[in-house]
$ cat protein-v1.cif   # mmCIF, N, CA, C and O atoms
data_query
#
loop_
_atom_site.label_atom_id
_atom_site.label_comp_id
_atom_site.auth_asym_id
_atom_site.auth_seq_id
_atom_site.Cartn_x
_atom_site.Cartn_y
_atom_site.Cartn_z
N MET A 10 103.05 134.88 103.47
CA MET A 10 102.40 134.27 102.32
C MET A 10 102.19 132.79 102.60
O MET A 10 103.11 132.08 102.98
N SER A 11 100.99 132.32 102.43
CA SER A 11 100.71 130.90 102.70
C SER A 11 100.87 130.08 101.44
O SER A 11 100.66 130.55 100.33
N ASN A 12 101.25 128.84 101.63
CA ASN A 12 101.37 127.92 100.51
C ASN A 12 100.01 127.38 100.13
O ASN A 12 99.10 127.33 100.96
N GLU A 13 99.92 126.94 98.88
CA GLU A 13 98.68 126.34 98.40
C GLU A 13 99.04 125.10 97.61
O GLU A 13 99.98 125.10 96.83
N VAL A 14 98.29 124.03 97.82
CA VAL A 14 98.49 122.80 97.05
C VAL A 14 97.27 122.63 96.15
O VAL A 14 96.13 122.72 96.60
N LEU A 15 97.54 122.38 94.88
CA LEU A 15 96.49 122.14 93.90
C LEU A 15 96.74 120.79 93.25
O LEU A 15 97.88 120.41 93.00
N LEU A 16 95.67 120.08 92.97
CA LEU A 16 95.74 118.84 92.21
C LEU A 16 95.12 119.12 90.85
O LEU A 16 93.96 119.54 90.77
N TYR A 17 95.89 118.90 89.80
CA TYR A 17 95.41 119.07 88.44
C TYR A 17 95.01 117.71 87.89
O TYR A 17 95.85 116.81 87.78
N GLY A 18 93.73 117.55 87.56
CA GLY A 18 93.27 116.33 86.91
C GLY A 18 93.73 116.34 85.46
O GLY A 18 93.42 117.28 84.73
N VAL A 19 94.48 115.33 85.06
CA VAL A 19 95.02 115.32 83.69
C VAL A 19 94.60 114.09 82.91
O VAL A 19 95.16 113.80 81.86
N GLY A 20 93.61 113.37 83.39
CA GLY A 20 93.12 112.22 82.65
C GLY A 20 91.77 111.77 83.17
O GLY A 20 91.35 112.14 84.26
N GLY A 21 91.09 110.97 82.37
CA GLY A 21 89.81 110.42 82.78
C GLY A 21 88.76 111.50 83.00
O GLY A 21 88.84 112.59 82.43
N VAL A 22 87.79 111.22 83.86
CA VAL A 22 86.69 112.16 84.08
C VAL A 22 87.12 113.44 84.78
O VAL A 22 86.40 114.43 84.75
N MET A 23 88.30 113.45 85.41
CA MET A 23 88.77 114.64 86.11
C MET A 23 89.67 115.53 85.24
O MET A 23 90.12 116.58 85.69
N ALA A 24 89.92 115.14 84.01
CA ALA A 24 90.79 115.92 83.12
C ALA A 24 90.29 117.35 83.01
O ALA A 24 89.09 117.60 82.82
N GLY A 25 91.21 118.29 83.16
CA GLY A 25 90.88 119.70 83.03
C GLY A 25 90.39 120.35 84.31
O GLY A 25 90.21 121.57 84.35
N ASN A 26 90.20 119.59 85.37
CA ASN A 26 89.74 120.15 86.64
C ASN A 26 90.93 120.44 87.55
O ASN A 26 91.92 119.70 87.54
N ILE A 27 90.80 121.49 88.34
CA ILE A 27 91.81 121.87 89.32
C ILE A 27 91.16 121.82 90.69
O ILE A 27 90.10 122.41 90.91
N PHE A 28 91.80 121.10 91.62
CA PHE A 28 91.25 120.91 92.95
C PHE A 28 92.20 121.47 94.00
O PHE A 28 93.28 120.92 94.23
N PRO A 29 91.81 122.56 94.69
CA PRO A 29 92.62 123.02 95.83
C PRO A 29 92.36 122.10 97.02
O PRO A 29 91.27 121.54 97.15
N LEU A 30 93.37 121.90 97.84
CA LEU A 30 93.19 121.08 99.05
C LEU A 30 92.51 121.94 100.11
O LEU A 30 93.14 122.81 100.70
N GLU A 31 91.23 121.69 100.33
CA GLU A 31 90.50 122.44 101.34
C GLU A 31 90.93 121.95 102.71
O GLU A 31 91.00 120.76 102.95
N ASN A 32 91.25 122.87 103.59
CA ASN A 32 91.75 122.54 104.93
C ASN A 32 93.01 121.67 104.86
O ASN A 32 93.26 120.87 105.75
N ASN A 33 93.74 121.79 103.75
CA ASN A 33 95.00 121.08 103.52
C ASN A 33 94.88 119.57 103.41
O ASN A 33 95.88 118.87 103.37
N THR A 34 93.67 119.02 103.38
CA THR A 34 93.48 117.57 103.26
C THR A 34 92.27 117.30 102.39
O THR A 34 91.28 118.03 102.45
N THR A 35 92.35 116.26 101.59
CA THR A 35 91.18 115.83 100.82
C THR A 35 91.21 114.32 100.63
O THR A 35 92.28 113.72 100.69
N ILE A 36 90.05 113.75 100.44
CA ILE A 36 89.93 112.32 100.16
C ILE A 36 89.36 112.17 98.75
O ILE A 36 88.44 112.88 98.37
N ILE A 37 89.94 111.23 98.01
CA ILE A 37 89.51 110.96 96.64
C ILE A 37 88.83 109.60 96.60
O ILE A 37 89.32 108.64 97.19
N GLY A 38 87.72 109.52 95.91
CA GLY A 38 87.01 108.25 95.75
C GLY A 38 85.64 108.45 95.16
O GLY A 38 85.32 109.51 94.62
N ARG A 39 84.78 107.44 95.29
CA ARG A 39 83.42 107.49 94.74
C ARG A 39 82.36 107.80 95.78
O ARG A 39 81.22 108.07 95.43
N ASN A 40 82.70 107.76 97.06
CA ASN A 40 81.72 107.97 98.13
C ASN A 40 81.47 109.47 98.31
O ASN A 40 82.29 110.19 98.85
N SER A 41 80.31 109.92 97.86
CA SER A 41 80.02 111.36 97.87
C SER A 41 79.85 111.94 99.27
O SER A 41 79.98 113.14 99.45
N SER A 42 79.62 111.11 100.28
CA SER A 42 79.47 111.64 101.64
C SER A 42 80.81 111.75 102.37
O SER A 42 80.90 112.43 103.39
N LYS A 43 81.85 111.09 101.86
CA LYS A 43 83.14 111.11 102.57
C LYS A 43 84.28 111.71 101.75
O LYS A 43 85.34 112.01 102.30
N CYS A 44 84.10 111.86 100.45
CA CYS A 44 85.19 112.32 99.57
C CYS A 44 84.95 113.75 99.11
O CYS A 44 83.81 114.19 98.94
N SER A 45 86.05 114.47 98.89
CA SER A 45 85.98 115.82 98.35
C SER A 45 86.15 115.82 96.83
O SER A 45 85.60 116.67 96.15
N ILE A 46 86.95 114.90 96.32
CA ILE A 46 87.08 114.71 94.88
C ILE A 46 86.33 113.42 94.58
O ILE A 46 86.77 112.34 94.97
N ILE A 47 85.19 113.56 93.93
CA ILE A 47 84.24 112.44 93.80
C ILE A 47 84.17 111.95 92.36
O ILE A 47 83.82 112.70 91.45
N TYR A 48 84.49 110.69 92.20
CA TYR A 48 84.36 110.03 90.90
C TYR A 48 82.96 109.46 90.76
O TYR A 48 82.34 109.10 91.76
N PRO A 49 82.47 109.34 89.52
CA PRO A 49 81.16 108.70 89.31
C PRO A 49 81.17 107.26 89.82
O PRO A 49 82.21 106.59 89.81
N GLU A 50 80.02 106.79 90.25
CA GLU A 50 79.88 105.44 90.81
C GLU A 50 80.41 104.33 89.90
O GLU A 50 80.90 103.33 90.37
N ASN A 51 80.30 104.50 88.61
CA ASN A 51 80.69 103.44 87.67
C ASN A 51 82.13 103.54 87.19
O ASN A 51 82.51 102.89 86.22
N THR A 52 82.98 104.33 87.87
CA THR A 52 84.36 104.49 87.45
C THR A 52 85.19 103.27 87.84
O THR A 52 85.38 102.99 89.02
N ASN A 53 85.65 102.52 86.84
CA ASN A 53 86.48 101.34 87.09
C ASN A 53 87.79 101.73 87.76
O ASN A 53 88.42 102.71 87.37
N GLY A 54 88.19 100.95 88.75
CA GLY A 54 89.49 101.14 89.39
C GLY A 54 89.51 102.12 90.55
O GLY A 54 90.52 102.24 91.22
N VAL A 55 88.42 102.84 90.78
CA VAL A 55 88.38 103.82 91.87
C VAL A 55 87.46 103.29 92.97
O VAL A 55 86.28 103.02 92.74
N SER A 56 88.01 103.15 94.17
CA SER A 56 87.24 102.66 95.32
C SER A 56 86.36 103.76 95.90
O SER A 56 86.56 104.95 95.61
N GLY A 57 85.43 103.37 96.74
CA GLY A 57 84.55 104.33 97.40
C GLY A 57 85.34 105.38 98.16
O GLY A 57 85.10 106.57 98.06
N ILE A 58 86.28 104.93 98.96
CA ILE A 58 87.23 105.80 99.66
C ILE A 58 88.61 105.31 99.24
O ILE A 58 89.09 104.31 99.75
N HIS A 59 89.21 105.99 98.29
CA HIS A 59 90.41 105.47 97.63
C HIS A 59 91.72 105.91 98.32
O HIS A 59 92.50 105.08 98.74
N CYS A 60 91.92 107.22 98.40
CA CYS A 60 93.16 107.71 99.01
C CYS A 60 92.94 109.09 99.62
O CYS A 60 91.97 109.76 99.33
N GLN A 61 93.89 109.44 100.46
CA GLN A 61 93.88 110.76 101.10
C GLN A 61 95.13 111.51 100.70
O GLN A 61 96.22 110.93 100.67
N VAL A 62 94.98 112.80 100.42
CA VAL A 62 96.14 113.64 100.17
C VAL A 62 96.12 114.78 101.17
O VAL A 62 95.07 115.30 101.54
N ARG A 63 97.33 115.14 101.62
CA ARG A 63 97.45 116.16 102.66
C ARG A 63 98.66 117.03 102.38
O ARG A 63 99.74 116.53 102.02
N ALA A 64 98.50 118.33 102.54
CA ALA A 64 99.61 119.26 102.38
C ALA A 64 100.53 119.14 103.58
O ALA A 64 100.08 119.16 104.72
N ALA A 65 101.80 118.97 103.32
CA ALA A 65 102.83 118.91 104.37
C ALA A 65 104.06 119.60 103.79
O ALA A 65 105.03 118.96 103.44
N TYR A 66 103.96 120.89 103.63
CA TYR A 66 104.94 121.69 102.89
C TYR A 66 106.37 121.36 103.30
O TYR A 66 106.63 121.17 104.47
N PRO A 67 107.27 121.22 102.32
CA PRO A 67 107.16 121.61 100.90
C PRO A 67 106.73 120.48 99.99
O PRO A 67 107.08 120.46 98.81
N TYR A 68 105.98 119.53 100.47
CA TYR A 68 105.54 118.43 99.63
C TYR A 68 104.09 118.09 99.98
O TYR A 68 103.47 118.70 100.85
N LEU A 69 103.57 117.09 99.31
CA LEU A 69 102.24 116.56 99.57
C LEU A 69 102.38 115.15 100.09
O LEU A 69 103.25 114.41 99.63
N GLU A 70 101.57 114.78 101.06
CA GLU A 70 101.56 113.40 101.55
C GLU A 70 100.34 112.69 100.98
O GLU A 70 99.24 113.26 100.97
N ILE A 71 100.53 111.48 100.52
CA ILE A 71 99.44 110.69 99.96
C ILE A 71 99.41 109.32 100.63
O ILE A 71 100.47 108.72 100.86
N THR A 72 98.21 108.87 100.98
CA THR A 72 98.04 107.58 101.64
C THR A 72 96.92 106.82 100.95
O THR A 72 95.80 107.34 100.83
N ASP A 73 97.21 105.61 100.50
CA ASP A 73 96.17 104.74 99.96
C ASP A 73 95.37 104.21 101.13
O ASP A 73 95.93 103.71 102.11
N LEU A 74 94.05 104.32 101.07
CA LEU A 74 93.19 103.93 102.19
C LEU A 74 92.58 102.55 102.01
O LEU A 74 91.42 102.31 102.33
N GLY A 75 93.37 101.62 101.48
CA GLY A 75 92.91 100.25 101.31
C GLY A 75 92.12 100.03 100.04
O GLY A 75 91.25 99.17 99.99
N SER A 76 92.44 100.80 99.01
CA SER A 76 91.72 100.66 97.74
C SER A 76 91.96 99.28 97.12
O SER A 76 92.95 98.62 97.41
N THR A 77 91.05 98.88 96.27
CA THR A 77 91.15 97.58 95.61
C THR A 77 92.18 97.59 94.48
O THR A 77 93.03 96.71 94.38
N TYR A 78 92.15 98.62 93.64
CA TYR A 78 93.01 98.67 92.46
C TYR A 78 94.32 99.42 92.68
O TYR A 78 95.20 99.36 91.84
N GLY A 79 94.45 100.14 93.77
CA GLY A 79 95.72 100.76 94.13
C GLY A 79 95.88 102.22 93.75
O GLY A 79 95.15 102.78 92.94
N THR A 80 96.89 102.82 94.39
CA THR A 80 97.34 104.18 94.14
C THR A 80 98.79 104.07 93.70
O THR A 80 99.56 103.32 94.31
N PHE A 81 99.18 104.82 92.67
CA PHE A 81 100.47 104.62 92.03
C PHE A 81 101.22 105.92 91.81
O PHE A 81 100.60 106.96 91.53
N TYR A 82 102.54 105.85 91.90
CA TYR A 82 103.38 106.93 91.38
C TYR A 82 103.21 106.94 89.86
O TYR A 82 102.84 105.93 89.26
N GLU A 83 103.54 108.04 89.25
CA GLU A 83 103.41 108.17 87.80
C GLU A 83 104.18 107.08 87.04
O GLU A 83 103.77 106.64 85.98
N ASN A 84 105.28 106.60 87.64
CA ASN A 84 106.10 105.57 86.96
C ASN A 84 105.53 104.16 87.10
O ASN A 84 106.13 103.19 86.65
N GLY A 85 104.36 104.02 87.74
CA GLY A 85 103.70 102.73 87.85
C GLY A 85 103.98 101.97 89.14
O GLY A 85 103.41 100.89 89.35
N VAL A 86 104.82 102.50 90.02
CA VAL A 86 105.11 101.84 91.29
C VAL A 86 103.90 102.00 92.22
O VAL A 86 103.44 103.12 92.47
N ARG A 87 103.39 100.87 92.71
CA ARG A 87 102.20 100.89 93.57
C ARG A 87 102.57 101.27 95.00
O ARG A 87 103.55 100.77 95.56
N MET A 88 101.75 102.13 95.59
CA MET A 88 101.93 102.52 96.99
C MET A 88 101.23 101.49 97.86
O MET A 88 100.15 101.01 97.54
N GLN A 89 101.87 101.13 98.96
CA GLN A 89 101.28 100.18 99.91
C GLN A 89 100.15 100.85 100.68
O GLN A 89 100.24 102.04 101.02
N LYS A 90 99.09 100.10 100.98
CA LYS A 90 97.96 100.70 101.70
C LYS A 90 98.37 101.12 103.10
O LYS A 90 99.26 100.52 103.72
N ASP A 91 97.73 102.17 103.57
CA ASP A 91 97.94 102.72 104.92
C ASP A 91 99.38 103.16 105.18
O ASP A 91 99.81 103.23 106.33
N THR A 92 100.12 103.45 104.12
CA THR A 92 101.48 103.96 104.24
C THR A 92 101.51 105.34 103.58
O THR A 92 100.96 105.52 102.50
N THR A 93 102.15 106.30 104.23
CA THR A 93 102.19 107.66 103.71
C THR A 93 103.43 107.85 102.84
O THR A 93 104.54 107.46 103.23
N TYR A 94 103.21 108.43 101.68
CA TYR A 94 104.28 108.72 100.71
C TYR A 94 104.31 110.21 100.43
O TYR A 94 103.32 110.91 100.67
N GLN A 95 105.43 110.69 99.92
CA GLN A 95 105.58 112.10 99.61
C GLN A 95 105.64 112.33 98.11
O GLN A 95 106.24 111.54 97.38
N LEU A 96 105.02 113.41 97.69
CA LEU A 96 105.12 113.89 96.31
C LEU A 96 105.49 115.36 96.35
O LEU A 96 104.96 116.11 97.17
N ARG A 97 106.39 115.74 95.48
CA ARG A 97 106.82 117.14 95.41
C ARG A 97 106.14 117.84 94.25
O ARG A 97 105.44 117.23 93.45
N ASN A 98 106.37 119.14 94.17
CA ASN A 98 105.81 119.96 93.11
C ASN A 98 106.08 119.35 91.73
O ASN A 98 107.19 118.91 91.45
N ASN A 99 105.06 119.29 90.90
CA ASN A 99 105.10 118.79 89.53
C ASN A 99 105.20 117.27 89.42
O ASN A 99 105.31 116.75 88.31
N GLU A 100 105.19 116.54 90.53
CA GLU A 100 105.15 115.09 90.44
C GLU A 100 103.69 114.66 90.28
O GLU A 100 102.77 115.41 90.58
N ALA A 101 103.50 113.44 89.79
CA ALA A 101 102.14 112.97 89.50
C ALA A 101 101.88 111.61 90.16
O ALA A 101 102.80 110.88 90.49
N PHE A 102 100.59 111.32 90.30
CA PHE A 102 100.15 110.02 90.79
C PHE A 102 98.86 109.68 90.07
O PHE A 102 98.22 110.52 89.46
N TYR A 103 98.49 108.41 90.14
CA TYR A 103 97.19 108.02 89.60
C TYR A 103 96.54 106.97 90.48
O TYR A 103 97.20 106.31 91.27
N ILE A 104 95.22 106.88 90.33
CA ILE A 104 94.47 105.93 91.14
C ILE A 104 93.77 104.94 90.22
O ILE A 104 93.13 105.31 89.26
N GLY A 105 93.97 103.67 90.52
CA GLY A 105 93.33 102.60 89.77
C GLY A 105 93.91 102.36 88.39
O GLY A 105 94.50 101.33 88.14
N GLU A 106 93.73 103.30 87.51
CA GLU A 106 94.22 103.20 86.13
C GLU A 106 94.99 104.47 85.77
O GLU A 106 94.71 105.54 86.30
N LYS A 107 95.93 104.36 84.83
CA LYS A 107 96.76 105.51 84.44
C LYS A 107 95.95 106.71 84.00
O LYS A 107 96.40 107.84 84.14
N LYS A 108 94.76 106.48 83.47
CA LYS A 108 93.97 107.61 83.00
C LYS A 108 93.48 108.48 84.16
O LYS A 108 93.14 109.64 83.95
N ASN A 109 93.45 107.98 85.37
CA ASN A 109 93.00 108.73 86.54
C ASN A 109 94.20 109.41 87.22
O ASN A 109 94.53 109.14 88.37
N ARG A 110 94.83 110.31 86.48
CA ARG A 110 96.11 110.88 86.89
C ARG A 110 95.94 112.32 87.36
O ARG A 110 95.14 113.09 86.84
N PHE A 111 96.72 112.69 88.37
CA PHE A 111 96.76 114.04 88.91
C PHE A 111 98.22 114.51 88.97
O PHE A 111 99.11 113.73 89.25
N ILE A 112 98.42 115.79 88.74
CA ILE A 112 99.73 116.42 88.91
C ILE A 112 99.63 117.33 90.12
O ILE A 112 98.66 118.08 90.28
N VAL A 113 100.65 117.29 90.99
CA VAL A 113 100.71 118.10 92.19
C VAL A 113 101.35 119.45 91.85
O VAL A 113 102.41 119.51 91.24
N LYS A 114 100.69 120.52 92.25
CA LYS A 114 101.22 121.88 92.09
C LYS A 114 101.24 122.54 93.46
O LYS A 114 100.20 122.66 94.11
N ILE A 115 102.42 122.93 93.90
CA ILE A 115 102.57 123.61 95.19
C ILE A 115 103.08 125.01 94.91
O ILE A 115 104.10 125.17 94.23
N ARG A 116 102.35 125.99 95.39
CA ARG A 116 102.80 127.36 95.17
C ARG A 116 102.65 128.21 96.40
O ARG A 116 102.04 127.84 97.34
#

$ encode --input "protein-v1.cif" --output "structure tokens"
Amino acid sequence: MSNEVLLYGVGGVMAGNIFPLENNTTIIGRNSSKCSIIYPENTNGVSGIHCQVRAAYPYLEITDLGSTYGTFYENGVRMQKDTTYQLRNNEAFYIGEKKNRFIVKIR
């Protein structure tokens, strides 16, 4: 049985959407040619290429790719750019603003 990582959008324009990690990696941002989870161009706080998430069972790895407004743990702690962090099942992160929040689901 293979594991699957899903990102649940729980705020902002992504609220209610579920995103499986295709090929176990995805990039989030506004650049439609480079990102798999694409925010509208006018979304405040989200960079063109904001962050990358990758399945690394039993957790998810997240890396801020030099975004302007930052990538954060749910508790508000900012992740340093180009540094990989781990998130486990049911943990959350947000990009730019708290409303741009995702919950990690690993099954």

$ residues_around --input "protein-v1.cif" --residues "Arg39 in chain A" --least-positions-apart "6" --cutoff "5 Å" --atoms "all atoms listed in the file" --output "list in words"
Tyr48, Ser56, Gly57 and Ile58 of chain A

$ closest_residue --input "protein-v1.cif" --among "A:Pro49, A:Pro67, A:Gly38, A:Gly79" --to "Tyr103 in chain A" --atoms "only N, CA, C and O atoms"
A:Gly79

$ closest_residue --input "protein-v1.cif" --among "A:Ser42, A:Gly25, A:Thr34, A:Phe102" --to "Val86 in chain A" --atoms "only N, CA, C and O atoms"
A:Phe102

$ closest_residue --input "protein-v1.cif" --among "A:Ile37, A:His59, A:Gln89, A:Asn51" --to "Thr77 in chain A" --atoms "all atoms listed in the file"
A:His59

$ closest_residue --input "protein-v1.cif" --among "A:Pro29, A:Ile112, A:Leu96, A:Gly85" --to "Tyr66 in chain A" --atoms "only N, CA, C and O atoms"
A:Leu96

$ closest_residue --input "protein-v1.cif" --among "A:Val14, A:Ala65, A:Val22, A:Ile71" --to "Ile47 in chain A" --atoms "only N, CA, C and O atoms"
A:Val22

$ resolve_selection --input "protein-v1.cif" --expression "the PyMOL selection byres ((chain A and resi 107) around 8)" --output "PyMOL selection string"
chain A and resi 19-21+82-83+102-106+108-111

$ residues_around --input "protein-v1.cif" --residues "Gln95 in chain A" --least-positions-apart "3" --cutoff "7 Å" --atoms "all atoms listed in the file" --output "ChimeraX atom specification"
/A:68-71

$ closest_residue --input "protein-v1.cif" --among "A:Asp73, A:Glu50, A:Glu13, A:Glu31" --to "Ile115 in chain A" --atoms "all atoms listed in the file"
A:Glu13

$ atom_distance --input "protein-v1.cif" --atom1 "CA of Leu74 in chain A" --atom2 "atom C of Lys90 in chain A"
6.0 Å

$ select_by_dssp --input "protein-v1.cif" --residues "chain A" --states "helix (DSSP H, G or I)" --output "PDB file with N, CA, C and O atoms, in the coordinates of the input"
ATOM      1  N   GLY A  21      91.090 110.970  82.370  1.00  0.00           N
ATOM      2  CA  GLY A  21      89.810 110.420  82.780  1.00  0.00           C
ATOM      3  C   GLY A  21      88.760 111.500  83.000  1.00  0.00           C
ATOM      4  O   GLY A  21      88.840 112.590  82.430  1.00  0.00           O
ATOM      5  N   VAL A  22      87.790 111.220  83.860  1.00  0.00           N
ATOM      6  CA  VAL A  22      86.690 112.160  84.080  1.00  0.00           C
ATOM      7  C   VAL A  22      87.120 113.440  84.780  1.00  0.00           C
ATOM      8  O   VAL A  22      86.400 114.430  84.750  1.00  0.00           O
ATOM      9  N   MET A  23      88.300 113.450  85.410  1.00  0.00           N
ATOM     10  CA  MET A  23      88.770 114.640  86.110  1.00  0.00           C
ATOM     11  C   MET A  23      89.670 115.530  85.240  1.00  0.00           C
ATOM     12  O   MET A  23      90.120 116.580  85.690  1.00  0.00           O
ATOM     13  N   GLU A  31      91.230 121.690 100.330  1.00  0.00           N
ATOM     14  CA  GLU A  31      90.500 122.440 101.340  1.00  0.00           C
ATOM     15  C   GLU A  31      90.930 121.950 102.710  1.00  0.00           C
ATOM     16  O   GLU A  31      91.000 120.760 102.950  1.00  0.00           O
ATOM     17  N   ASN A  32      91.250 122.870 103.590  1.00  0.00           N
ATOM     18  CA  ASN A  32      91.750 122.540 104.930  1.00  0.00           C
ATOM     19  C   ASN A  32      93.010 121.670 104.860  1.00  0.00           C
ATOM     20  O   ASN A  32      93.260 120.870 105.750  1.00  0.00           O
ATOM     21  N   ASN A  33      93.740 121.790 103.750  1.00  0.00           N
ATOM     22  CA  ASN A  33      95.000 121.080 103.520  1.00  0.00           C
ATOM     23  C   ASN A  33      94.880 119.570 103.410  1.00  0.00           C
ATOM     24  O   ASN A  33      95.880 118.870 103.370  1.00  0.00           O
TER      25      ASN A  33
END

$ axis_aligned_box --input "protein-v1.cif" --around "range 37-42 of chain A" --padding-each-side "3 Å" --output "JSON"
{"center_x": 84.7, "center_y": 110.3, "center_z": 99.0, "size_x": 16.5, "size_y": 11.7, "size_z": 14.8}

$ atom_distance --input "protein-v1.cif" --atom1 "CA of Tyr78 in chain A" --atom2 "CA of Ile46 in chain A"
17.3 Å

$ atom_distance --input "protein-v1.cif" --atom1 "CA of Leu30 in chain A" --atom2 "atom O of Arg63 in chain A"
8.5 Å

$ residues_near_point --input "protein-v1.cif" --point "(101.4, 105.6, 102.7)" --cutoff "6 Å" --atoms "only C-alpha atoms" --output "list of chain:residue names"
A:Thr72, A:Asp73, A:Asp91, A:Thr92, A:Thr93, A:Tyr94

$ select_by_dssp --input "protein-v1.cif" --residues "chain A" --states "strand (DSSP E or B)" --output "VMD selection string"
chain A and resid 14 to 18 27 to 29 34 to 38 46 to 47 60 to 65 68 to 73 80 to 82 87 90 93 to 96 101 to 104 110 to 115

$ build_atoms --input "protein-v1.cif" --residues "range 57-64 of chain A" --atoms "all heavy atoms" --output "compact mmCIF listing (two decimals), in the frame of the given file"
# COMPACT_ATOMS: atom_id res chain seq x y z
N GLY A 57 85.43 103.37 96.74
CA GLY A 57 84.55 104.33 97.40
C GLY A 57 85.34 105.38 98.16
O GLY A 57 85.10 106.57 98.06
N ILE A 58 86.28 104.93 98.96
CA ILE A 58 87.23 105.80 99.66
C ILE A 58 88.61 105.31 99.24
O ILE A 58 89.09 104.31 99.75
CB ILE A 58 87.04 105.74 101.19
CG1 ILE A 58 85.62 106.16 101.56
CG2 ILE A 58 88.06 106.61 101.89
CD1 ILE A 58 85.27 105.95 103.00
N HIS A 59 89.21 105.99 98.29
CA HIS A 59 90.41 105.47 97.63
C HIS A 59 91.72 105.91 98.32
O HIS A 59 92.50 105.08 98.74
CB HIS A 59 90.42 105.90 96.17
CG HIS A 59 91.35 105.09 95.34
ND1 HIS A 59 90.92 104.05 94.54
CD2 HIS A 59 92.69 105.14 95.21
CE1 HIS A 59 91.96 103.50 93.95
NE2 HIS A 59 93.05 104.15 94.34
N CYS A 60 91.92 107.22 98.40
CA CYS A 60 93.16 107.71 99.01
C CYS A 60 92.94 109.09 99.62
O CYS A 60 91.97 109.76 99.33
CB CYS A 60 94.30 107.75 97.98
SG CYS A 60 94.07 108.93 96.64
N GLN A 61 93.89 109.44 100.46
CA GLN A 61 93.88 110.76 101.10
C GLN A 61 95.13 111.51 100.70
O GLN A 61 96.22 110.93 100.67
CB GLN A 61 93.84 110.61 102.62
CG GLN A 61 93.97 111.93 103.36
CD GLN A 61 93.95 111.74 104.85
OE1 GLN A 61 92.90 111.48 105.42
NE2 GLN A 61 95.10 111.83 105.48
N VAL A 62 94.98 112.80 100.42
CA VAL A 62 96.14 113.64 100.17
C VAL A 62 96.12 114.78 101.17
O VAL A 62 95.07 115.30 101.54
CB VAL A 62 96.17 114.16 98.71
CG1 VAL A 62 96.41 113.04 97.74
CG2 VAL A 62 94.90 114.88 98.34
N ARG A 63 97.33 115.14 101.62
CA ARG A 63 97.45 116.16 102.66
C ARG A 63 98.66 117.03 102.38
O ARG A 63 99.74 116.53 102.02
CB ARG A 63 97.62 115.48 104.02
CG ARG A 63 97.59 116.42 105.21
CD ARG A 63 97.65 115.64 106.51
NE ARG A 63 98.99 115.21 106.85
CZ ARG A 63 99.92 115.99 107.40
NH1 ARG A 63 99.67 117.25 107.65
NH2 ARG A 63 101.11 115.51 107.70
N ALA A 64 98.50 118.33 102.54
CA ALA A 64 99.61 119.26 102.38
C ALA A 64 100.53 119.14 103.58
O ALA A 64 100.08 119.16 104.72
CB ALA A 64 99.10 120.69 102.25
